[in-house]
Amino acid sequence: MHFSEKIFLSSLKSVISKPFFKTDSSVWKYVIRIILRNRVLNLVIIGVITLVMAFLALNVKLSYEMVKMLPAKDSTSLQYEAFRAKFGEDGSVMFVGVQDPEFWSLSRFNAWFDLSEKIRNIDGVEEVVSTSRIYRLIKNESTGKFDFSPVVKKRPETDAALDSLREIILSMPIYQGLLHNSDSGVYLMAITLDKNKLNTKSRVALIDQIDGEVNAFAENNRLKLHLSGLPYIRTVTSKTVQSELYLFLALSIFVAATFLFLFFKSFRAVLIPLLAVAISVIWALGTIALFQFKITILTGIIPPLLIVIGVENCIFLLNKYHNEYLSHGNKVRSLARTIHRIGNANLLTNLSTAVGFASFIPTGNKLLVEFGIVAALNVMLAFFLSLVLIPILFSFLSPPSPKHLRHLEKGFVKQLLDRIIIIVKGHRNKVYVATGIAIVLAVFGVVQLNTSGRILDDISKRDPLYKDLMFFERHFRGVMPFEIAIDTKKKRGVLKLSTIQKIDDFQQELAKYPEFSKPLSVAEVIKYARQSFYNGDPYMYGIPNDQEKNFILSYLPSTKGKKTILNAFIDSTMQVTRISVQMANVTTPEIQRIKSTLQPVADSIFPKEKFNVTFTGTSVVFLKGTNFLVNDLFVSLIIAIVVISAIMALLFSSFRMILISLIPNLIPQLLTAAMMGYLGIPIKPSTILIFSIALGISVDNTIQFLSRYRLTLKVHHKKIGVAVIAALKETGFSMIYSSSVLFFGFGIFVFSTFGGTQAIGYLISFTLFIALICNLFLIPSLILTLDKWSTARGFVEPILELKEEDDVEVDKEALEIAKSEPFSHEKKPES
């Protein structure tokens, strides 16, 4: 080792070996005094805060905005915003599709015509374009301009009138593949919505109105209609988030109540923890409103998460309270020691959990930042509420009866712990072999991981939303916006015949991609103008030649001061134009492949010295945002590991013990990644975020066990074998109890209709289960095997120091409280 490295390591070792924060008895005496001597005042304060938070929670709102995954100053984001400034929102169109062999019957066509008109008259609908509501250009010789006229001006009254309209509509190539697919008999209605309503609550009523008209049409005509488009999908998913919030709240309460009763066999051991977590949920909703955040797909799962995590705190507190009361039968002393011992450990466990959530804040992603802030803050508030409410409320009740303490002396968990102790003491090699095999298998699984994602990746394939999306992909190749912006670098450069020809050439290349729908651009308008100039002859649909150009373009209306057919495709200076295509819901690698192969094609058709071609739109922004977010989430995971390691350093001043403490928490992460690889679950934003969350939670059991082990090591005069078993016996119950609640508590999310929420459910549950196995078997085995190598210096002077002799001071405080406070059903305190 280099001399400078030796000096650095020596200096670092000397720094961490000196305690800078000792939690002596006076600190916890003060905490115990505040909690138990001011019971009524504390309850009143918590009650008042809860009322205020409940009032704020009434104003919490759902988010209807498209998730922004890129920072505002990112180049892709800036290009997209510039595009929107010129051409408007690209994700404001809703689609309605129908496959109907009788579409051209008089009654069915008129019903479609009526549906288009009814939807167009809904407040919030800007325009409707459908087979029964399309426009054509008619050459007006007298004005020398094209008239923009509707094809169907009124409901046709006879079959002959309808046949005439059908002939006109089907002779217009510009609409084939956009509004109807003649090969499959599918017809589409495109509904442009008011963008000012799309990001507000009023969008729900707007979509419901459209949905109502569509359903009425479907029922009256006995047809299956399909709805899609980003506005529709976003609205439906927002409503689902709201309904799932209530579902998961109910399920998490059921899980928590069931396990609390199974473990403690006491209704008060169920009701009091549930009261504490219910208050924490109210506070969480209140903080969302206080920070002016909204309920999103992520913040919507915070309330049920807090119930599960809060119950874990309560389990450790109740177990310690029962253990203490079983040992000496003094309620006040038991409560005081519970606050002291579990308060210390729970502070660190909740801090580590909060760090797991807070690691999302540096990502810069609005959705994750809000989730990280609210979750991290409320995890610590849940810790505070459990630490205060559990001792206070139990202080008003009679001490636990022998029936309530029976779970500590016999039962399935006791038998399970006895078997674990046998394995840890006499069969550690089997533990290491099993761990080694698991790690080898994990490595093979991890190498199979891949990064992927879709714009609508989190929607279940069984969901009607997904099935309708597939309908549009089969018949129109998709509904996801993909835009190509072309800057000619000259005013009026768009209408040059050479530019229009280049656009058409590029569209021919786009047609080679099965992921793209038929493109729509100024070139298509010019081709249709040529057809119209020749009185609608479909064979004349094409780019004008040099002789035709001036005549045909002169018939196009001026774009100055009024809305024309050209405004949708060119800017006011006629310098920038767009090519719009709809895209299938492909994966991010496929979008990247398309971009990579299209770029050289664009460069060959549009020379860079004369043109600037930009790929943009929702699909492109999503691609860049996904890659950006996945990278940031990896960074957040590293931050979580580093900060949690620092928290471990508060307990252990030895690098060796920090390393040992991290092993049982990193192995589950590795095995979870392997499971994703074997099952083909890709790394994407909704799956990568589970690692930071799971790490923050799974480390709780490690902290509880090792903090207790450190104390038993002192009590048993550094007899490592005795200390390990003693710590395992005491914390084993709480580890199994809390992990069971966490496993099933997170497991409820598998009932979600969103893939990302489902992933949080089964992946975190799996991670926590493996973490429990590692904490019960691997950590005790490692400590016993490494013996003095791991502990000789690991607990000499920890940075965060807890002393067993502090109990003397705590007991004195308990004696004083018992004398001054009216604790009922209490045995006479011992001095």
# chains A, B, ... in the order shown; residues from 1 in each chain; ligands from 1
call {"tool": "residues_around", "arguments": {"residues": "segment 285-296 of chain A", "least_positions_apart": "6", "cutoff": "10 Å", "atoms": "only C-alpha atoms", "output": "PyMOL selection string"}}
result
chain A and resi 49-65+67+237-238+241-242+245+302-303+366-368+370-371+373-375+377-378
call {"tool": "select_by_dssp", "arguments": {"residues": "segment 28-108 of chain A", "states": "strand (DSSP E)", "output": "list in words"}}
result
Lys61, Leu62, Val93, Met94, Phe95, Val96, Gly97, Val98 and Gln99 of chain A
call {"tool": "write_last_selection", "arguments": {"atoms": "all heavy atoms", "output": "short mmCIF file (atom, residue, chain, number, x, y, z; two decimals), in the first residue's frame"}}
result
data_model
loop_
_atom_site.label_atom_id
_atom_site.label_comp_id
_atom_site.auth_asym_id
_atom_site.auth_seq_id
_atom_site.Cartn_x
_atom_site.Cartn_y
_atom_site.Cartn_z
N LYS A 61 -55.40 17.11 -4.17
CA LYS A 61 -55.94 16.94 -5.52
C LYS A 61 -55.18 15.85 -6.27
O LYS A 61 -54.02 15.57 -5.98
CB LYS A 61 -55.84 18.25 -6.29
CG LYS A 61 -56.65 19.39 -5.68
CD LYS A 61 -56.44 20.69 -6.45
CE LYS A 61 -57.22 21.83 -5.82
NZ LYS A 61 -56.98 23.12 -6.53
N LEU A 62 -55.87 15.26 -7.23
CA LEU A 62 -55.23 14.30 -8.11
C LEU A 62 -54.45 15.02 -9.20
O LEU A 62 -54.82 16.12 -9.62
CB LEU A 62 -56.28 13.40 -8.77
CG LEU A 62 -56.87 12.27 -7.94
CD1 LEU A 62 -58.02 11.62 -8.69
CD2 LEU A 62 -55.82 11.23 -7.60
N VAL A 93 -55.08 14.70 -28.44
CA VAL A 93 -56.08 14.07 -29.31
C VAL A 93 -56.50 12.72 -28.74
O VAL A 93 -55.68 11.89 -28.39
CB VAL A 93 -55.52 13.88 -30.75
CG1 VAL A 93 -56.57 13.23 -31.64
CG2 VAL A 93 -55.09 15.21 -31.33
N MET A 94 -57.80 12.54 -28.65
CA MET A 94 -58.40 11.29 -28.20
C MET A 94 -58.98 10.57 -29.42
O MET A 94 -59.49 11.21 -30.34
CB MET A 94 -59.49 11.60 -27.18
CG MET A 94 -60.29 10.40 -26.72
SD MET A 94 -61.54 10.92 -25.51
CE MET A 94 -62.50 9.41 -25.38
N PHE A 95 -58.89 9.25 -29.44
CA PHE A 95 -59.34 8.49 -30.60
C PHE A 95 -60.48 7.54 -30.22
O PHE A 95 -60.46 6.91 -29.16
CB PHE A 95 -58.18 7.68 -31.18
CG PHE A 95 -57.02 8.53 -31.64
CD1 PHE A 95 -55.93 8.75 -30.82
CD2 PHE A 95 -57.04 9.11 -32.90
CE1 PHE A 95 -54.87 9.53 -31.23
CE2 PHE A 95 -55.98 9.90 -33.33
CZ PHE A 95 -54.90 10.11 -32.50
N VAL A 96 -61.44 7.44 -31.12
CA VAL A 96 -62.53 6.47 -30.99
C VAL A 96 -62.52 5.64 -32.26
O VAL A 96 -62.51 6.20 -33.37
CB VAL A 96 -63.90 7.16 -30.81
CG1 VAL A 96 -65.01 6.10 -30.72
CG2 VAL A 96 -63.90 8.05 -29.58
N GLY A 97 -62.49 4.33 -32.13
CA GLY A 97 -62.44 3.46 -33.30
C GLY A 97 -63.54 2.41 -33.27
O GLY A 97 -63.97 1.97 -32.20
N VAL A 98 -63.98 2.01 -34.46
CA VAL A 98 -65.00 0.97 -34.57
C VAL A 98 -64.73 0.13 -35.81
O VAL A 98 -64.30 0.64 -36.84
CB VAL A 98 -66.43 1.58 -34.65
CG1 VAL A 98 -66.59 2.43 -35.90
CG2 VAL A 98 -67.50 0.51 -34.59
N GLN A 99 -64.93 -1.16 -35.66
CA GLN A 99 -64.85 -2.07 -36.81
C GLN A 99 -66.27 -2.52 -37.12
O GLN A 99 -66.89 -3.23 -36.32
CB GLN A 99 -63.94 -3.27 -36.48
CG GLN A 99 -63.65 -4.15 -37.69
CD GLN A 99 -62.55 -5.15 -37.42
OE1 GLN A 99 -62.32 -5.54 -36.28
NE2 GLN A 99 -61.85 -5.57 -38.46
#
call {"tool": "atom_distance", "arguments": {"atom1": "atom CA of Leu198 of chain A", "atom2": "atom CA of Phe471 of chain A"}}
result
24.1 Å
call {"tool": "select_by_dssp", "arguments": {"residues": "segment 571-738 of chain A", "states": "helix (DSSP H, G or I)", "output": "PyMOL selection string"}}
result
chain A and resi 588-605+618-651+655-679+685-715+720-738
call {"tool": "decode", "arguments": {"residues": "segment 319-333 of chain A", "atoms": "N, CA and C atoms", "output": "short mmCIF file (atom, residue, chain, number, x, y, z; two decimals), in the first residue's frame"}}
result
data_model
loop_
_atom_site.label_atom_id
_atom_site.label_comp_id
_atom_site.auth_asym_id
_atom_site.auth_seq_id
_atom_site.Cartn_x
_atom_site.Cartn_y
_atom_site.Cartn_z
N ASN A 319 -43.29 -5.62 21.40
CA ASN A 319 -42.49 -6.78 21.79
C ASN A 319 -41.54 -6.45 22.94
N LYS A 320 -40.91 -5.29 22.86
CA LYS A 320 -40.00 -4.88 23.94
C LYS A 320 -40.77 -4.65 25.24
N TYR A 321 -41.92 -4.01 25.11
CA TYR A 321 -42.76 -3.76 26.29
C TYR A 321 -43.15 -5.08 26.95
N HIS A 322 -43.56 -6.05 26.15
CA HIS A 322 -43.93 -7.37 26.70
C HIS A 322 -42.72 -8.08 27.30
N ASN A 323 -41.58 -8.00 26.62
CA ASN A 323 -40.36 -8.62 27.14
C ASN A 323 -39.97 -8.04 28.49
N GLU A 324 -40.01 -6.71 28.57
CA GLU A 324 -39.65 -6.06 29.83
C GLU A 324 -40.64 -6.41 30.94
N TYR A 325 -41.91 -6.38 30.63
CA TYR A 325 -42.91 -6.67 31.66
C TYR A 325 -42.80 -8.13 32.11
N LEU A 326 -42.49 -9.02 31.19
CA LEU A 326 -42.33 -10.43 31.54
C LEU A 326 -41.16 -10.62 32.49
N SER A 327 -40.12 -9.79 32.35
CA SER A 327 -38.91 -9.97 33.14
C SER A 327 -39.03 -9.42 34.56
N HIS A 328 -39.81 -8.33 34.77
CA HIS A 328 -39.87 -7.76 36.12
C HIS A 328 -41.26 -7.31 36.57
N GLY A 329 -42.25 -7.32 35.70
CA GLY A 329 -43.62 -7.06 36.10
C GLY A 329 -43.94 -5.63 36.48
N ASN A 330 -43.11 -4.65 36.10
CA ASN A 330 -43.37 -3.25 36.43
C ASN A 330 -43.71 -2.49 35.15
N LYS A 331 -44.94 -2.00 35.06
CA LYS A 331 -45.41 -1.40 33.82
C LYS A 331 -44.67 -0.11 33.47
N VAL A 332 -44.50 0.78 34.44
CA VAL A 332 -43.85 2.07 34.16
C VAL A 332 -42.41 1.85 33.74
N ARG A 333 -41.73 0.97 34.46
CA ARG A 333 -40.34 0.67 34.09
C ARG A 333 -40.29 0.06 32.69
#
